[in-house]
$ cat upload31.txt   # compact mmCIF, C-alpha atoms
# COMPACT_ATOMS: atom_id res chain seq x y z
CA ALA A 1 -0.27 11.63 -7.16
CA GLN A 2 -1.22 11.63 -3.55
CA SER A 3 1.10 10.69 -0.71
CA VAL A 4 1.01 10.40 3.06
CA THR A 5 3.67 11.20 5.61
CA GLN A 6 3.39 10.02 9.17
CA LEU A 7 5.85 11.75 11.44
CA GLY A 8 7.30 9.41 14.01
CA SER A 9 7.46 5.70 13.42
CA HIS A 10 7.08 5.10 17.14
CA VAL A 11 5.25 7.14 19.75
CA SER A 12 5.26 6.26 23.41
CA VAL A 13 2.85 7.78 25.94
CA SER A 14 1.90 7.14 29.52
CA GLU A 15 -1.47 5.70 30.34
CA GLY A 16 -3.92 8.59 30.71
CA ALA A 17 -1.82 10.98 28.65
CA LEU A 18 -2.77 12.67 25.42
CA VAL A 19 -2.21 10.72 22.24
CA LEU A 20 -1.16 12.67 19.15
CA LEU A 21 -0.26 10.88 15.94
CA ARG A 22 0.68 13.09 13.05
CA CYS A 23 -0.31 12.71 9.44
CA ASN A 24 0.32 15.03 6.51
CA TYR A 25 -0.85 14.38 3.00
CA SER A 26 -0.38 15.69 -0.46
CA SER A 27 -3.16 15.66 -2.97
CA SER A 28 -4.03 17.73 -5.98
CA VAL A 29 -7.74 17.55 -5.23
CA PRO A 30 -9.77 17.55 -2.02
CA PRO A 31 -8.87 14.28 -0.38
CA TYR A 32 -10.69 11.61 1.49
CA LEU A 33 -8.68 10.77 4.60
CA PHE A 34 -8.66 7.73 6.84
CA TRP A 35 -7.07 6.41 9.99
CA TYR A 36 -6.81 2.66 10.43
CA VAL A 37 -5.58 0.68 13.43
CA GLN A 38 -3.84 -2.67 13.27
CA TYR A 39 -3.35 -5.02 16.20
CA PRO A 40 -0.68 -7.73 15.96
CA ASN A 41 -1.38 -10.37 13.34
CA GLN A 42 -4.68 -8.82 12.39
CA GLY A 43 -6.05 -6.86 9.47
CA LEU A 44 -6.78 -3.16 9.54
CA GLN A 45 -9.79 -1.67 11.26
CA LEU A 46 -11.18 1.73 10.38
CA LEU A 47 -10.90 4.24 13.22
CA LEU A 48 -12.39 7.23 11.47
CA LYS A 49 -12.62 8.99 8.15
CA TYR A 50 -13.02 12.42 6.65
CA THR A 51 -14.97 12.72 3.43
CA THR A 52 -16.85 16.01 3.40
CA GLY A 53 -18.53 18.29 5.89
CA ALA A 54 -17.33 18.78 9.44
CA THR A 55 -13.57 18.89 9.62
CA LEU A 56 -13.42 17.42 13.12
CA VAL A 57 -14.36 13.79 12.91
CA LYS A 58 -14.91 11.40 15.75
CA GLY A 59 -14.17 7.72 15.54
CA ILE A 60 -14.24 4.61 17.61
CA ASN A 61 -12.49 4.10 20.94
CA GLY A 62 -12.47 7.82 21.74
CA PHE A 63 -10.23 8.87 18.87
CA GLU A 64 -10.78 11.94 16.76
CA ALA A 65 -9.00 13.74 13.96
CA GLU A 66 -9.20 17.16 12.41
CA PHE A 67 -8.83 17.87 8.73
CA LYS A 68 -6.85 21.07 8.23
CA LYS A 69 -6.66 21.95 4.58
CA SER A 70 -4.29 24.87 5.09
CA GLU A 71 -1.81 22.59 6.83
CA THR A 72 -2.57 19.52 4.70
CA SER A 73 -2.83 17.61 7.94
CA PHE A 74 -5.10 15.02 9.50
CA HIS A 75 -3.64 14.37 12.95
CA LEU A 76 -5.15 11.72 15.18
CA THR A 77 -5.76 12.46 18.85
CA LYS A 78 -7.18 10.89 21.95
CA PRO A 79 -7.40 12.76 25.26
CA SER A 80 -6.45 9.86 27.49
CA ALA A 81 -4.50 6.81 26.40
CA HIS A 82 -5.46 3.32 27.50
CA MET A 83 -3.24 0.28 27.51
CA SER A 84 -5.51 -1.26 24.90
CA ASP A 85 -4.64 1.55 22.47
CA ALA A 86 -1.19 0.07 21.91
CA ALA A 87 -1.16 -0.84 18.23
CA GLU A 88 0.01 0.27 14.81
CA TYR A 89 -1.81 3.21 13.28
CA PHE A 90 -1.96 4.00 9.58
CA CYS A 91 -3.09 7.18 7.89
CA ALA A 92 -4.38 6.80 4.34
CA VAL A 93 -5.59 9.06 1.56
CA SER A 94 -7.75 8.70 -1.49
CA ASP A 95 -8.46 11.40 -3.97
CA THR A 96 -10.40 9.48 -6.54
CA ALA A 97 -13.71 7.76 -6.45
CA GLY A 98 -14.24 4.28 -7.74
CA ASN A 99 -12.26 1.12 -7.25
CA THR A 100 -8.84 2.52 -6.45
CA PRO A 101 -6.54 1.51 -3.63
CA LEU A 102 -5.76 3.79 -0.74
CA VAL A 103 -2.31 5.25 -0.33
CA PHE A 104 -0.97 4.50 3.13
CA GLY A 105 1.57 6.17 5.31
CA LYS A 106 4.35 4.09 6.82
CA GLY A 107 2.54 3.73 10.08
CA THR A 108 3.13 4.79 13.66
CA ARG A 109 3.49 2.30 16.44
CA LEU A 110 1.86 3.52 19.63
CA SER A 111 3.14 2.20 22.92
CA VAL A 112 1.29 2.93 26.15
CA ILE A 113 3.26 2.81 29.37
CA ALA A 114 1.55 1.95 32.63
CA GLY B 1 -22.56 -5.64 8.39
CA ALA B 2 -20.21 -5.94 5.49
CA VAL B 3 -17.19 -8.10 6.20
CA VAL B 4 -14.20 -9.34 4.28
CA SER B 5 -13.16 -12.79 5.36
CA GLN B 6 -9.70 -14.13 4.69
CA HIS B 7 -8.55 -17.74 5.03
CA PRO B 8 -6.32 -19.22 6.28
CA SER B 9 -5.11 -16.96 9.05
CA TRP B 10 -1.89 -18.89 9.43
CA VAL B 11 -0.15 -21.24 7.06
CA ILE B 12 3.19 -22.97 7.20
CA CYS B 13 4.52 -24.72 4.15
CA LYS B 14 7.66 -26.28 2.82
CA SER B 15 9.83 -24.50 0.30
CA GLY B 16 8.76 -25.29 -3.25
CA THR B 17 5.11 -25.86 -2.51
CA SER B 18 2.20 -23.59 -3.43
CA VAL B 19 -0.19 -21.93 -1.04
CA LYS B 20 -3.62 -20.49 -1.76
CA ILE B 21 -5.17 -17.69 0.26
CA GLU B 22 -8.84 -16.90 -0.11
CA CYS B 23 -10.54 -13.55 0.31
CA ARG B 24 -14.32 -13.42 0.44
CA SER B 25 -16.65 -10.48 0.65
CA LEU B 26 -19.62 -11.29 2.85
CA ASP B 27 -22.97 -9.58 2.33
CA PHE B 28 -21.68 -7.44 -0.51
CA GLN B 29 -20.25 -7.85 -3.96
CA ALA B 30 -16.77 -6.73 -4.83
CA THR B 31 -15.82 -6.31 -8.47
CA THR B 32 -12.38 -5.25 -7.26
CA MET B 33 -10.20 -6.45 -4.42
CA PHE B 34 -6.75 -5.34 -3.43
CA TRP B 35 -3.95 -7.57 -2.19
CA TYR B 36 -1.33 -6.12 0.11
CA ARG B 37 1.84 -7.52 1.57
CA GLN B 38 3.21 -6.38 4.87
CA PHE B 39 6.71 -6.99 6.12
CA PRO B 40 7.40 -6.93 9.87
CA LYS B 41 6.96 -3.49 11.36
CA GLN B 42 6.37 -1.93 7.97
CA SER B 43 3.48 -0.45 6.07
CA LEU B 44 1.26 -2.16 3.56
CA MET B 45 2.63 -2.65 0.09
CA LEU B 46 0.06 -2.95 -2.66
CA MET B 47 0.78 -6.05 -4.68
CA ALA B 48 -2.06 -6.19 -7.14
CA THR B 49 -5.60 -5.26 -7.94
CA SER B 50 -7.91 -8.19 -8.50
CA ASN B 51 -10.67 -7.64 -11.04
CA GLU B 52 -13.69 -9.89 -11.32
CA GLY B 53 -13.81 -11.57 -14.70
CA SER B 54 -10.53 -10.19 -15.97
CA LYS B 55 -6.82 -10.30 -15.32
CA ALA B 56 -5.34 -8.82 -12.21
CA THR B 57 -3.29 -5.65 -12.39
CA TYR B 58 0.09 -6.06 -10.73
CA GLU B 59 2.23 -3.34 -9.21
CA GLN B 60 5.71 -2.79 -10.52
CA GLY B 61 8.16 -5.30 -9.19
CA VAL B 62 5.58 -7.93 -8.24
CA GLU B 63 6.12 -11.23 -10.01
CA LYS B 64 2.93 -12.24 -11.79
CA ASP B 65 4.00 -15.86 -12.11
CA LYS B 66 4.89 -16.07 -8.44
CA PHE B 67 1.73 -14.47 -7.10
CA LEU B 68 -1.25 -15.75 -9.05
CA ILE B 69 -4.46 -13.86 -8.48
CA ASN B 70 -7.86 -15.04 -9.55
CA HIS B 71 -11.15 -13.25 -9.05
CA ALA B 72 -13.61 -15.92 -10.04
CA SER B 73 -16.76 -14.37 -8.68
CA LEU B 74 -18.09 -11.15 -7.20
CA THR B 75 -17.40 -12.44 -3.72
CA LEU B 76 -14.15 -14.38 -4.01
CA SER B 77 -10.59 -13.52 -4.88
CA THR B 78 -7.65 -15.86 -4.36
CA LEU B 79 -3.92 -15.33 -4.10
CA THR B 80 -1.72 -18.32 -4.83
CA VAL B 81 1.92 -18.13 -3.91
CA THR B 82 3.57 -20.58 -6.27
CA SER B 83 6.79 -22.43 -5.53
CA ALA B 84 7.08 -20.61 -2.26
CA HIS B 85 10.47 -19.78 -0.79
CA PRO B 86 11.42 -18.45 2.63
CA GLU B 87 11.62 -14.89 1.29
CA ASP B 88 7.91 -15.11 0.48
CA SER B 89 7.16 -15.41 4.17
CA SER B 90 5.06 -12.42 5.05
CA PHE B 91 1.67 -11.15 6.15
CA TYR B 92 -0.78 -10.90 3.26
CA ILE B 93 -3.93 -8.82 3.56
CA CYS B 94 -6.80 -8.46 1.15
CA SER B 95 -9.29 -5.63 1.01
CA ALA B 96 -12.38 -4.60 -0.87
CA PRO B 97 -13.87 -1.17 -1.53
CA LEU B 98 -16.66 -0.55 0.93
CA ASP B 99 -17.56 2.83 -0.51
CA THR B 100 -16.60 3.52 -4.09
CA ASN B 101 -17.45 7.20 -3.61
CA THR B 102 -14.67 7.73 -1.08
CA GLY B 103 -12.30 4.83 -1.59
CA GLU B 104 -12.83 3.45 1.91
CA LEU B 105 -11.56 -0.11 2.15
CA PHE B 106 -12.67 -3.00 4.29
CA PHE B 107 -9.83 -5.33 5.21
CA GLY B 108 -9.61 -9.04 5.74
CA GLU B 109 -8.02 -10.43 8.86
CA GLY B 110 -4.76 -11.16 7.08
CA SER B 111 -2.85 -14.38 6.43
CA ARG B 112 0.53 -15.11 7.96
CA LEU B 113 2.60 -17.24 5.60
CA THR B 114 5.73 -18.95 6.84
CA VAL B 115 7.81 -20.88 4.32
CA LEU B 116 10.30 -23.31 5.80
$ encode --input "upload31.txt" --output "structure tokens"
Amino acid sequence: AQSVTQLGSHVSVSEGALVLLRCNYSSSVPPYLFWYVQYPNQGLQLLLKYTTGATLVKGINGFEAEFKKSETSFHLTKPSAHMSDAAEYFCAVSDTAGNTPLVFGKGTRLSVIA
Amino acid sequence: GAVVSQHPSWVICKSGTSVKIECRSLDFQATTMFWYRQFPKQSLMLMATSNEGSKATYEQGVEKDKFLINHASLTLSTLTVTSAHPEDSSFYICSAPLDTNTGELFFGEGSRLTVL
């Protein structure tokens, strides 16, 4: 069974600083990996995803993530944090096709300090 | 584009009453929908898988009689919290598979339930 570990339940960065949110997964087969963002009292919005092909994937709002099979990681980065990036971020994995639910990490709350 | 719409966004009810939350897929059909529950500052907990035309599949520990799920059509799934109590207060989110090849989900806006 697949699982996701997000290191750090809370990350705080200064505005303009690098954002790095860590995600490690376990899966017995090549995974599909996702990052979702959640703003207060809202549903989840897809930031980016890795399915196949290029291991560095770019998403919305300037975020990107790199799939590293050898490290079983899919860390999320953004070169320069904005105040509007403050939110909860969830990493998720799927290793099966069809109508199956994603497995989510516990989430990382990102705070951006002015 | 494809959207999952959830209603109501907020609901307050008295203890002992029942509340229905609707989840609709717009512009696409969803034979399966997933219902999640989220406690404050926590991750999403899968409650059940809603299957069009058949019974829902509940996760271990989720009370089937408390959380009634119906998937009446290819675009509508409902979650009814029966005889609600304050401990049922939570944020409920539905989702539908956007891409069955990868498992990508599209999420509704969520419903905040407060039971007084």
$ residues_around --input "upload31.txt" --residues "Leu20 in chain A" --least-positions-apart "6" --cutoff "9 Å" --atoms "all atoms listed in the file" --output "VMD selection string"
chain A and resid 11 75 to 79
$ atom_distance --input "upload31.txt" --atom1 "CA of Thr32 in chain B" --atom2 "CA of Glu52 in chain B"
6.3 Å
$ residues_around --input "upload31.txt" --residues "range 105-110 of chain B" --least-positions-apart "4" --cutoff "8 Å" --atoms "all atoms listed in the file" --output "list in words"
Asn41, Gln42, Gly43, Leu44, Gln45, Leu46, Pro101 and Leu102 of chain A; Val3, Val4, Ser5, Gln6, His7, Ser9, Cys23, Phe91, Tyr92, Ile93, Cys94, Ser95, Ala96, Pro97, Leu98 and Asp99 of chain B
$ write_last_selection --input "upload31.txt" --atoms "C-alpha atoms" --output "PDB file, keeping the file's coordinate frame"
ATOM      1  CA  ASN A  41      -1.380 -10.370  13.340  1.00  0.00           C
ATOM      2  CA  GLN A  42      -4.680  -8.820  12.390  1.00  0.00           C
ATOM      3  CA  GLY A  43      -6.050  -6.860   9.470  1.00  0.00           C
ATOM      4  CA  LEU A  44      -6.780  -3.160   9.540  1.00  0.00           C
ATOM      5  CA  GLN A  45      -9.790  -1.670  11.260  1.00  0.00           C
ATOM      6  CA  LEU A  46     -11.180   1.730  10.380  1.00  0.00           C
ATOM      7  CA  PRO A 101      -6.540   1.510  -3.630  1.00  0.00           C
ATOM      8  CA  LEU A 102      -5.760   3.790  -0.740  1.00  0.00           C
TER       9      LEU A 102
ATOM     10  CA  VAL B   3     -17.190  -8.100   6.200  1.00  0.00           C
ATOM     11  CA  VAL B   4     -14.200  -9.340   4.280  1.00  0.00           C
ATOM     12  CA  SER B   5     -13.160 -12.790   5.360  1.00  0.00           C
ATOM     13  CA  GLN B   6      -9.700 -14.130   4.690  1.00  0.00           C
ATOM     14  CA  HIS B   7      -8.550 -17.740   5.030  1.00  0.00           C
ATOM     15  CA  SER B   9      -5.110 -16.960   9.050  1.00  0.00           C
ATOM     16  CA  CYS B  23     -10.540 -13.550   0.310  1.00  0.00           C
ATOM     17  CA  PHE B  91       1.670 -11.150   6.150  1.00  0.00           C
ATOM     18  CA  TYR B  92      -0.780 -10.900   3.260  1.00  0.00           C
ATOM     19  CA  ILE B  93      -3.930  -8.820   3.560  1.00  0.00           C
ATOM     20  CA  CYS B  94      -6.800  -8.460   1.150  1.00  0.00           C
ATOM     21  CA  SER B  95      -9.290  -5.630   1.010  1.00  0.00           C
ATOM     22  CA  ALA B  96     -12.380  -4.600  -0.870  1.00  0.00           C
ATOM     23  CA  PRO B  97     -13.870  -1.170  -1.530  1.00  0.00           C
ATOM     24  CA  LEU B  98     -16.660  -0.550   0.930  1.00  0.00           C
ATOM     25  CA  ASP B  99     -17.560   2.830  -0.510  1.00  0.00           C
TER      26      ASP B  99
END
$ residues_near_point --input "upload31.txt" --point "(-13.9, 19.9, 10.5)" --cutoff "9 Å" --atoms "only C-alpha atoms" --output "list in words"
Tyr50, Thr52, Gly53, Ala54, Thr55, Leu56, Val57, Ala65, Glu66, Phe67 and Lys68 of chain A
$ residues_around --input "upload31.txt" --residues "range 88-94 of chain A" --least-positions-apart "3" --cutoff "6 Å" --atoms "all atoms listed in the file" --output "PyMOL selection string"
(chain A and resi 31-38+102-105+107-109) or (chain B and resi 103)
$ atom_distance --input "upload31.txt" --atom1 "CA of Thr78 in chain B" --atom2 "CA of Glu22 in chain B"
4.5 Å
$ atom_distance --input "upload31.txt" --atom1 "CA of Pro40 in chain A" --atom2 "CA of Pro8 in chain B"
16.0 Å
$ residues_around --input "upload31.txt" --residues "Val81 in chain B" --least-positions-apart "3" --cutoff "9 Å" --atoms "all atoms listed in the file" --output "PyMOL selection string"
chain B and resi 17-21+65-69+84+88
$ write_last_selection --input "upload31.txt" --atoms "C-alpha atoms" --output "PDB file, keeping the file's coordinate frame"
ATOM      1  CA  THR B  17       5.110 -25.860  -2.510  1.00  0.00           C
ATOM      2  CA  SER B  18       2.200 -23.590  -3.430  1.00  0.00           C
ATOM      3  CA  VAL B  19      -0.190 -21.930  -1.040  1.00  0.00           C
ATOM      4  CA  LYS B  20      -3.620 -20.490  -1.760  1.00  0.00           C
ATOM      5  CA  ILE B  21      -5.170 -17.690   0.260  1.00  0.00           C
ATOM      6  CA  ASP B  65       4.000 -15.860 -12.110  1.00  0.00           C
ATOM      7  CA  LYS B  66       4.890 -16.070  -8.440  1.00  0.00           C
ATOM      8  CA  PHE B  67       1.730 -14.470  -7.100  1.00  0.00           C
ATOM      9  CA  LEU B  68      -1.250 -15.750  -9.050  1.00  0.00           C
ATOM     10  CA  ILE B  69      -4.460 -13.860  -8.480  1.00  0.00           C
ATOM     11  CA  ALA B  84       7.080 -20.610  -2.260  1.00  0.00           C
ATOM     12  CA  ASP B  88       7.910 -15.110   0.480  1.00  0.00           C
TER      13      ASP B  88
END
$ residues_near_point --input "upload31.txt" --point "(-2.6, 11.5, 27.1)" --cutoff "9 Å" --atoms "all atoms listed in the file" --output "ChimeraX atom specification"
/A:13-20,77-82
$ axis_aligned_box --input "upload31.txt" --around "range 45-51 of chain A" --padding-each-side "5 Å" --output "AutoDock Vina command-line options"
--center_x -12.4 --center_y 5.5 --center_z 8.3 --size_x 15.2 --size_y 24.4 --size_z 19.8
$ closest_residue --input "upload31.txt" --among "B:Ile12, B:Met45, B:Leu26, B:Ala72" --to "chain A" --atoms "all atoms listed in the file"
B:Met45
$ closest_residue --input "upload31.txt" --among "B:Asn101, B:Ser77, B:Thr114, B:Ser25" --to "chain A" --atoms "all atoms listed in the file"
B:Asn101
$ closest_residue --input "upload31.txt" --among "B:Thr100, B:Thr80, B:Ser111, B:Asn70" --to "chain A" --atoms "all atoms listed in the file"
B:Thr100
$ residues_around --input "upload31.txt" --residues "Met83 in chain A" --least-positions-apart "2" --cutoff "6 Å" --atoms "only C-alpha atoms" --output "JSON, numbers by chain"
{"A": [85, 86, 112]}
$ write_last_selection --input "upload31.txt" --atoms "C-alpha atoms" --output "PDB file, in the coordinates of the input"
ATOM      1  CA  ASP A  85      -4.640   1.550  22.470  1.00  0.00           C
ATOM      2  CA  ALA A  86      -1.190   0.070  21.910  1.00  0.00           C
ATOM      3  CA  VAL A 112       1.290   2.930  26.150  1.00  0.00           C
TER       4      VAL A 112
END
$ closest_residue --input "upload31.txt" --among "B:Leu74, B:Leu79, B:Leu46, B:Val11" --to "chain A" --atoms "all atoms listed in the file"
B:Leu46
$ decode --input "upload31.txt" --residues "range 39-93 of chain A" --atoms "C-alpha atoms" --output "PDB file, in the first residue's frame"
ATOM      1  CA  TYR A  39      -7.112  27.919   1.588  1.00  0.00           C
ATOM      2  CA  PRO A  40      -9.212  28.327   4.747  1.00  0.00           C
ATOM      3  CA  ASN A  41     -12.714  26.912   4.473  1.00  0.00           C
ATOM      4  CA  GLN A  42     -12.219  25.879   0.880  1.00  0.00           C
ATOM      5  CA  GLY A  43     -11.748  22.656  -1.008  1.00  0.00           C
ATOM      6  CA  LEU A  44      -8.465  21.498  -2.483  1.00  0.00           C
ATOM      7  CA  GLN A  45      -6.995  22.945  -5.640  1.00  0.00           C
ATOM      8  CA  LEU A  46      -4.456  21.094  -7.739  1.00  0.00           C
ATOM      9  CA  LEU A  47      -1.068  22.817  -7.843  1.00  0.00           C
ATOM     10  CA  LEU A  48       0.763  20.320 -10.004  1.00  0.00           C
ATOM     11  CA  LYS A  49       1.107  16.647 -10.755  1.00  0.00           C
ATOM     12  CA  TYR A  50       3.613  14.094 -11.928  1.00  0.00           C
ATOM     13  CA  THR A  51       2.356  11.239 -14.059  1.00  0.00           C
ATOM     14  CA  THR A  52       5.027  10.280 -16.576  1.00  0.00           C
ATOM     15  CA  GLY A  53       7.734  11.995 -18.554  1.00  0.00           C
ATOM     16  CA  ALA A  54       9.697  14.968 -17.309  1.00  0.00           C
ATOM     17  CA  THR A  55      10.516  14.642 -13.643  1.00  0.00           C
ATOM     18  CA  LEU A  56      10.495  18.394 -13.020  1.00  0.00           C
ATOM     19  CA  VAL A  57       6.942  19.584 -13.203  1.00  0.00           C
ATOM     20  CA  LYS A  58       5.709  23.134 -13.106  1.00  0.00           C
ATOM     21  CA  GLY A  59       2.404  24.139 -11.643  1.00  0.00           C
ATOM     22  CA  ILE A  60       0.319  27.165 -10.966  1.00  0.00           C
ATOM     23  CA  ASN A  61       1.385  30.224  -8.977  1.00  0.00           C
ATOM     24  CA  GLY A  62       5.073  29.651  -9.687  1.00  0.00           C
ATOM     25  CA  PHE A  63       5.364  26.340  -7.856  1.00  0.00           C
ATOM     26  CA  GLU A  64       7.289  23.376  -9.133  1.00  0.00           C
ATOM     27  CA  ALA A  65       8.215  19.924  -7.900  1.00  0.00           C
ATOM     28  CA  GLU A  66      10.727  17.307  -8.878  1.00  0.00           C
ATOM     29  CA  PHE A  67      10.086  13.598  -8.848  1.00  0.00           C
ATOM     30  CA  LYS A  68      13.159  11.760  -7.592  1.00  0.00           C
ATOM     31  CA  LYS A  69      12.646   8.046  -7.773  1.00  0.00           C
ATOM     32  CA  SER A  70      15.912   7.199  -6.036  1.00  0.00           C
ATOM     33  CA  GLU A  71      14.906   9.320  -3.056  1.00  0.00           C
ATOM     34  CA  THR A  72      11.181   8.515  -3.275  1.00  0.00           C
ATOM     35  CA  SER A  73      10.587  12.226  -2.971  1.00  0.00           C
ATOM     36  CA  PHE A  74       8.411  14.862  -4.584  1.00  0.00           C
ATOM     37  CA  HIS A  75       9.341  18.115  -2.844  1.00  0.00           C
ATOM     38  CA  LEU A  76       7.486  21.300  -3.662  1.00  0.00           C
ATOM     39  CA  THR A  77       9.412  24.521  -4.226  1.00  0.00           C
ATOM     40  CA  LYS A  78       8.873  28.120  -5.137  1.00  0.00           C
ATOM     41  CA  PRO A  79      11.766  30.556  -5.567  1.00  0.00           C
ATOM     42  CA  SER A  80      10.102  33.535  -3.934  1.00  0.00           C
ATOM     43  CA  ALA A  81       7.259  33.361  -1.451  1.00  0.00           C
ATOM     44  CA  HIS A  82       4.311  35.730  -1.618  1.00  0.00           C
ATOM     45  CA  MET A  83       1.917  36.538   1.181  1.00  0.00           C
ATOM     46  CA  SER A  84      -0.842  34.933  -0.860  1.00  0.00           C
ATOM     47  CA  ASP A  85       0.975  31.587  -0.705  1.00  0.00           C
ATOM     48  CA  ALA A  86       0.019  31.163   2.941  1.00  0.00           C
ATOM     49  CA  ALA A  87      -2.170  28.063   2.975  1.00  0.00           C
ATOM     50  CA  GLU A  88      -2.219  24.358   3.717  1.00  0.00           C
ATOM     51  CA  TYR A  89      -0.411  22.127   1.256  1.00  0.00           C
ATOM     52  CA  PHE A  90      -1.082  18.435   0.762  1.00  0.00           C
ATOM     53  CA  CYS A  91       1.005  15.883  -1.078  1.00  0.00           C
ATOM     54  CA  ALA A  92      -0.879  12.880  -2.448  1.00  0.00           C
ATOM     55  CA  VAL A  93      -0.054   9.646  -4.230  1.00  0.00           C
TER      56      VAL A  93
END
